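Reading through the structure tokens given below for one structure.
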Amino acid sequence: MRNKLISLQEAVAAYTWDGMTYCNGAALPVGSDSIVFGVEMARQGRKDLNVICHCGSQQVNLLGAVGAIRRVEVGFSGLEVYGFAAGLNRAVTSGKTQIEDYSNGAMAMRLFGGAMNWPFVPATVNTFNDQQYCSCDEPDQYPCSKKIPLITDPFTGKQYGAFRTIRPEVAAIHVTMADIHGNAIMLGTEWNRFEMSRASEKVVLVADRIVDTDCMRQYPNLVRIIGEVVDAVVYWPFASYPQASCGLYDSDEEQMFYMNKMMKTEADTETFCQTWVHGWHTREEYQALIGREKIDKITDTATAFLLDPYRKWIKTDAEVEELEKDARG
Amino acid sequence: MRNKLISLQEAVAAYTWDGMTYCNGAALPVGSDSIVFGVEMARQGRKDLNVICHCGSQQVNLLGAVGAIRRVEVGFSGLEVYGFAAGLNRAVTSGKTQIEDYSNGAMAMRLFGGAMNWPFVPATVNTFNDQQYCSCDEPDQYPCSKKIPLITDPFTGKQYGAFRTIRPEVAAIHVTMADIHGNAIMLGTEWNRFEMSRASEKVVLVADRIVDTDCMRQYPNLVRIIGEVVDAVVYWPFASYPQASCGLYDSDEEQMFYMNKMMKTEADTETFCQTWVHGWHTREEYQALIGREKIDKITDTATAFLLDPYRKWIKTDAEVEELEKDARG
Amino acid sequence: MEYTKQEFMAVATGREIRDGELIILGVGLSMLAGYFAKLNHAPALRPFTEGGIYGATPVGGLPWGIECNRISANATSFTNAIDALGFLVASGRADNGVIGAAQVDKFGNVNTTGIWDAPPWKEGRYIPPRVRLNGSGGANDIAVGCKRYLIMASHESRRFMERVDYVSSPGYLDGGAAREKAGFVGGGPSAIISTLGILRPDPETKEFILDAYFPFTDVEEVRENTGWDLKISPEVRKVPEPTEQELANLRTVDATGSLRKKR
Amino acid sequence: MEYTKQEFMAVATGREIRDGELIILGVGLSMLAGYFAKLNHAPALRPFTEGGIYGATPVGGLPWGIECNRISANATSFTNAIDALGFLVASGRADNGVIGAAQVDKFGNVNTTGIWDAPPWKEGRYIPPRVRLNGSGGANDIAVGCKRYLIMASHESRRFMERVDYVSSPGYLDGGAAREKAGFVGGGPSAIISTLGILRPDPETKEFILDAYFPFTDVEEVRENTGWDLKISPEVRKVPEPTEQELANLRTVDATGSLRKKR
């Protein structure tokens with residue numbers, strides 16, 4: 001398979017566009033997510049996005065705060081112990097962003113159904129309550145009959161709901177390690193990254209580390225995302241910052257609170273973006289911005305031992321740069 | 001969690017019964033399967049079984065040959081390059097065993113739906129052909145309307161099929177490595193063992209190796225079967241013999257052909273069983289029967305390196321015996 | 001003894017958790033209550049998170065989220081949402097769960113989605129909320145699927161409402177047989193543990209009534225802080241103080257003292 | 001040049017496989033044809049098996065099965081049947097697949113389930129077969145889902161039938177627009193490669209007609225060994241002999257010579 005390494009800027013330029021259906025994640029707001037990809041989307045000024053995610057995380061918080069999101073389908077939009085997502089919520093309450101609520105389980109099942117190319121999946125959750133009755137797409141109908149319509153089980157005659165399945169146009173998926181072909185290993189829970197990688201028409205991986213394919217051959221059962229379905233691989237250490245990446249770094253508590261606080265107003269968002277969206281271009285600049293002290297702190301994680309078996313296959317920055325050159329041809 | 005080690009004989013005595021719905025596997029006929037568990041079921045004279053498997057393997061071949069199967073739902077009943085399953089086929093063509101055909105994909109999806117506790121799963125395969133039209137449960141109706149009934153997609157109005165989901169009473173699942181709590185690692189393809197472990201009411205693991213739980217803590221992403229859903233763990237090296245176990249041993253070509261040849265007639269099956277079903281009791285006796293030469297040959301496998309990362313956590317036979325004693329209390 | 005209301009709520013919730021249960025825990029208080037129970041009286045508890053973290057206990061204090069490294073450092077398995085929320089929860093397999101509530105009503109319906117001036121059910125249409133909360137996350141799956149589950153909420157009359165603005169996670173819906181009619185596989189909420197006491201559903205009407213109150217309050221104060229006409233159990237009792245052992249165990253789990261900082 | 005009919009069939013099938021395709025391979029001939037293609041002219045082929053073995057090439061000869069260790073020794077990923085047969089195949093994502101047939105009819109419907117004296121469609125009821133075969137395995141999923149697929153079968157009139165006893169894997173059903181009406185996501189079989197030649201579907205009627213025959217046979221022999229009134233393409237041609245390079249490549253994949261032992 002071909003070498004799929006591509007720069008972050010090129011990846012966003014090539015695989016995202018205004019008005020698209022974009023899928024991110026897919027972890028919880030404190031963990032693994034392709035945050036840096038969303039930041040670059042903000043930098044390149046993407047707008048009118050239809051976002052699919054079971055959990056928004058700081059990525060959707062930022063994209064919401066800068067007004068890039070037309071509509072979002074979500075299971076959980078908050079930041080867990082870090083609070084409500086101030087930027088996204090500002091967009092939602094102002095009416096700028098339409099929000100369609102499902103549960104986290106429902107989002108996973110709908111992606112599963114999309115990966116299967118099923119017309120719908122049976123809904124045993126989200127029914128007979130406001131997840132079913134409220135739809136931003138049909139605001140004038142309450143209870144809504146179209147969002148999660150009722151169907152009859154042909155075997156028992158009982159009534160169940162039906163979820164619309166999801167086939168995103170593009171998913172940007174954060175992984176711990178990838179090889180240049182797009183085979184990837186995730187440490188920590190997958191959430192629905194496995195299903196997402198199969199449901200999406202295009203898949204861009206955002207990897208904290210690039211490893212040799214020999215790593216995959218030693219641990220094929222860990223390779224849950226396969227090069228066969230991946231279009232591009234972006235190498236970006238701290239891709240999930242300020243959130244965590246299992247085995248590599250913890251969430252940056254200070255930055256998590258600071259970022260969310262800045263998302264509260266348009267003006268503060270602007271200030272935040274000057275530094276954190278527009279104030280860097282390269283991996284080196286990004287890490288310089290985070291700062292050595294912070295990096296030392298967040299990489300001192302209790303999960304570091306989980307990376308040990310794979311360290312010998314990890315490419316150095318210089319090696320990855322060579323591979324990136326090869327990929328450009 | 002408690003120590004769930006149990007002897008093979010006790011496991012079969014405690015978790016199987018005449019007339020039950022039993023799920024095995026779930027690999028293909030050349031690979032991973034809980035064969036020794038089925039052999040012990042034959043030894044204990046289980047009968048009238050309703051068997052669920054996507055691939056029968058030599059286990060269902062034997063159980064069919066000894067007349068233990070009333071009905072089997074299956075995706076593939078053969079032995080791949082080793083030929084048709086002579087014992088099962090004898091039972092099927094004689095009318096002793098009813099066979100309900102689905103595709104391998106359908107069996108996996110139906111187990112997935114069972115694990116979800118969904119009433120049915122949409123069927124985009126197996127429809128408009130004889131998998132849908134023929135049912136051993138409704139032999140007088142052709143085309144059968146009840147096996148894979150048609151349903152209407154509430155979103156588009158198009159017609160699809162609906163598969164009955166599966167919730168087996170007991171599954172005996174072969175795994176490469178398990179700890180005493182029932183956390184397990186599979187090397188090689190999972191087939192549908194992940195879904196099966198969640199769909200079944202009771203789960204018995206049949207493990208080629210017992211490892212320390214520290215192995216699971218180093219590789220939690222590999223632990224796809226969790227102690228939380230497992231009832232009992234049987235330690236049995238060469239549990240999949242004469243089929244293969246990825247990382248441990250190849251299929252025994254000679255025995256695969258010999259066994260299948262013997263299944264062709266009732267008399268030869270009887271002869272085979274005298275040695276291979278009734279002729280041993282302990283792990284040691286079983287390995288003695290296979291013989292040192294064969295063991296040396298089949299364990300000289302090209303996949304052996306896949307086991308390397310886990311070897312340091314593997315318990316010796318003596319250590320497992322101590323743990324088995326502890327489990328008995 | 002010195003403790004915060006939040007600590008008492010965590011201990012009281014933990015006491016509701018039985019040894020051996022397969023239980024799904026959410027972030028924050030839910031996790032603290034669950035791991036407190038495991039340490040305190042339920043060593044065989046089988047806790048997991050909705051992303052599929054199994055066999056883990058938190059290290060270094062309250063996890064910031066359920067995929068925080070603090071809950072990932074000693075897991076025996078990492079799987080995924082399909083597994084945890086689907087196979088184990090939505091399926092009806094999990095014994096118990098713990099969810100939080102921004103609003104809860106007298107039938108145990110929970111709102112974590114938003115606050116409306118004109119709630120959808122009253123307005124007959126859906127408009128953006130005045131205050132956006134988080135959405136249901138995995139709580140809807142837990143509320144529908146778990147054999148039983150526990151609700152934790154701060155006891156204030158603006159939160160304990162006759163009817164919540166939006167049902168994110170269904171309790172007993174309109175009460176009586178309504179939940180049964182909906183066909184949910186799980187049994188519904190078995191208790192609401194608040195910062196003031198414990199409410200349990202009437203077996204027939206499914207209306208939550210006051211079963212017990214915390215030692216630092218009384219029935220009247222609980223009623224005053226409840227937005228519906230709260231019924232009191234004839235056997236209403238005072239919840240026993242946390243023992244020193246219980247508090248010590250709670251604080252072992254809450255190593256960063258997150259529950260001590262709040263009121 | 002010396003080769004067996006089976007070897008020619010494998011080479012001819014391999015030639016149908018295009019570089020870069022995402023292709024699902026079954027056991028036996030199917031795998032040999034696919035890996036021959038990868039070695040010979042399609043280095044960017046992306047083959048996988050129905051159990052979810054990716055990135056592998058066989059070692060030590062023809063794998064005994066698709067979970068044989070011979071195909072598991074250098075994989076880049078092992079997943080599962082839901083992934084391979086569901087996400088990649090039934091979904092319509094895979095470009096190509098190769099299946100075998102015990103019986104195949106003029107519309108490319110394949111039977112691998114059983115042989116009946118009174119087939120279900122004729123009898124109007126389902127009774128056990130006289131000869132039980134294997135069932136569809138993953139072939140039904142492949143036949144329904146792959147963008148296109150190839151059928152390999154031994155060319156004998158008892159196998160090339162007007163109508164098969166049992167449709168395990170649907171081709172074009174009753175021909176014409178029948179498959180389209182069924183709504184299958186995949187496009188149907190693009191060729192039947194037999195031990196005597198290559199049949200392709202008429203674009204309108206979907207009836208398979210003889211497109212080419214192998215050098216060691218002729219049109220008449222092919223017709224004689226076909227159980228329906230086989231139509232011949234006006235452009236019918238002789239299939240070029242395998243080159244030495246092709247045979248060498250095939251035999252590299254078929255290291256144990258399994259195709260040389262058979263006739």
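Each chain in the structure tokens gets a letter, A, B and so on, in the order shown; residues start at 1 in every chain, and ligands are counted from 1 in the order they appear.
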Contacts of segment 153-155 of chain B at 9 Å (only C-alpha atoms; same-chain gap of 5+ positions) as a PDB file with N, CA and C atoms, in the first residue's frame:
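What landed in around.pdb:
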```pdb
ATOM      1  N   PRO A 119     -30.105   0.149   6.221  1.00  0.00           N
ATOM      2  CA  PRO A 119     -30.976   1.315   6.073  1.00  0.00           C
ATOM      3  C   PRO A 119     -31.260   1.984   7.414  1.00  0.00           C
ATOM      4  N   PHE A 120     -31.319   1.204   8.452  1.00  0.00           N
ATOM      5  CA  PHE A 120     -31.595   1.715   9.793  1.00  0.00           C
ATOM      6  C   PHE A 120     -31.125   0.668  10.786  1.00  0.00           C
ATOM      7  N   LYS A 146     -40.577  11.681  12.836  1.00  0.00           N
ATOM      8  CA  LYS A 146     -39.667  11.311  11.743  1.00  0.00           C
ATOM      9  C   LYS A 146     -38.234  11.009  12.183  1.00  0.00           C
ATOM     10  N   PRO A 149     -38.544   6.989  13.915  1.00  0.00           N
ATOM     11  CA  PRO A 149     -39.899   6.471  13.669  1.00  0.00           C
ATOM     12  C   PRO A 149     -40.101   5.104  14.313  1.00  0.00           C
ATOM     13  N   LEU A 150     -41.336   4.728  14.528  1.00  0.00           N
ATOM     14  CA  LEU A 150     -41.626   3.425  15.110  1.00  0.00           C
ATOM     15  C   LEU A 150     -41.760   2.373  14.015  1.00  0.00           C
ATOM     16  N   ILE A 151     -41.241   1.201  14.307  1.00  0.00           N
ATOM     17  CA  ILE A 151     -41.358   0.065  13.391  1.00  0.00           C
ATOM     18  C   ILE A 151     -41.872  -1.129  14.167  1.00  0.00           C
ATOM     19  N   ALA A 162     -36.554   3.114  15.213  1.00  0.00           N
ATOM     20  CA  ALA A 162     -35.553   2.882  14.160  1.00  0.00           C
ATOM     21  C   ALA A 162     -34.641   4.100  14.094  1.00  0.00           C
ATOM     22  N   ARG A 164     -31.819   6.251  12.160  1.00  0.00           N
ATOM     23  CA  ARG A 164     -31.161   6.564  10.906  1.00  0.00           C
ATOM     24  C   ARG A 164     -29.685   6.204  11.057  1.00  0.00           C
TER      25      ARG A 164
ATOM     26  N   TYR B 160     -36.514  -4.581   2.873  1.00  0.00           N
ATOM     27  CA  TYR B 160     -35.330  -5.325   3.280  1.00  0.00           C
ATOM     28  C   TYR B 160     -35.792  -6.581   4.007  1.00  0.00           C
TER      29      TYR B 160
END
```
- request: Counting only C-alpha atoms, collect the residues of chain B whose closest atom lies at most 6 Å from chain D, and write them out as an MDAnalysis selection string.
  value: chainID B and resid 30:31 75:78 80:81 89 93 103:105 108 125 129:130 134 139:142 188:192 246 302:303
task: Select from segment 11-166 of chain D everything DSSP, run on the backbone, classes as strand (DSSP E), then give the selection as a VMD selection string.
output: chain D and resid 22 to 25 46 to 48 53 to 54 77 to 78 96 to 100 103 to 105 110 to 111 114 to 115 131 to 132 149 to 153 160 to 161
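Nearest residue to chain A among B:Ser7, B:Thr165, B:Thr213, B:Gln255 is B:Thr165, counting only C-alpha atoms.
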Secondary structure check, helix (DSSP H, G or I) residues of segment 32-219 of chain D, as a ChimeraX atom specification: /D:32-40,69-71,81-90,120-123,139-145,178-182,219
Tell me which protein, DNA and RNA residues are within 12 Å of segment 243-248 of chain C, counting only C-alpha atoms, leaving out same-chain ones fewer than 5 positions away, and put them as a tab-separated table (two decimals) with C-alpha atoms, in the first residue's frame.
```tsv
chain	number	residue	atom	x	y	z
C	1	MET	CA	-17.82	14.32	62.04
C	2	GLU	CA	-16.92	16.67	59.26
C	3	TYR	CA	-17.94	16.03	55.70
C	4	THR	CA	-19.57	17.89	52.84
C	6	GLN	CA	-21.51	15.95	48.36
C	7	GLU	CA	-19.51	13.47	50.37
C	8	PHE	CA	-22.58	12.31	52.21
C	9	MET	CA	-24.41	11.92	48.92
C	10	ALA	CA	-21.54	9.81	47.56
C	11	VAL	CA	-21.52	7.59	50.65
C	12	ALA	CA	-25.31	7.22	50.61
C	13	THR	CA	-25.21	6.31	46.93
C	14	GLY	CA	-22.40	3.88	47.53
C	15	ARG	CA	-24.46	2.12	50.19
C	32	LEU	CA	-16.61	8.15	43.31
C	33	ALA	CA	-19.72	6.50	44.71
C	35	TYR	CA	-15.39	2.96	43.63
C	36	PHE	CA	-16.13	3.91	47.21
C	37	ALA	CA	-18.59	1.00	47.34
C	38	LYS	CA	-16.04	-1.38	45.87
C	39	LEU	CA	-13.43	-0.39	48.42
C	40	ASN	CA	-15.87	-0.21	51.31
C	41	HIS	CA	-18.25	-3.16	51.13
C	253	VAL	CA	-10.94	7.12	46.24
C	254	ASP	CA	-11.37	10.90	46.14
C	255	ALA	CA	-7.65	11.42	46.59
C	257	GLY	CA	-10.54	15.91	47.51
C	259	LEU	CA	-15.93	16.47	46.89
C	260	ARG	CA	-14.51	18.44	49.78
```
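Shortest separation to chain A among B:Gln159, B:Thr21, B:Thr16, B:Asn260 occurs at residue B:Gln159, atoms counted being only C-alpha atoms.
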task: Find the residues around Ser200 of chain B up to 10 Å (only C-alpha atoms counted), leave out those fewer than 3 positions away in its own chain, and share them as JSON, numbers by chain.
output: {"B": [21, 22, 23, 111, 114, 115, 166, 167, 168, 169, 170, 171, 172, 195, 196, 197, 203, 204, 229, 230]}
task: May I have the residues within 6 Å of segment 49-61 of chain A as a PyMOL selection string, using only C-alpha atoms and disregarding those fewer than 6 positions away in the same chain?
output: chain A and resi 19-24+28-29+35+38+69-77+85+87-88+104+107
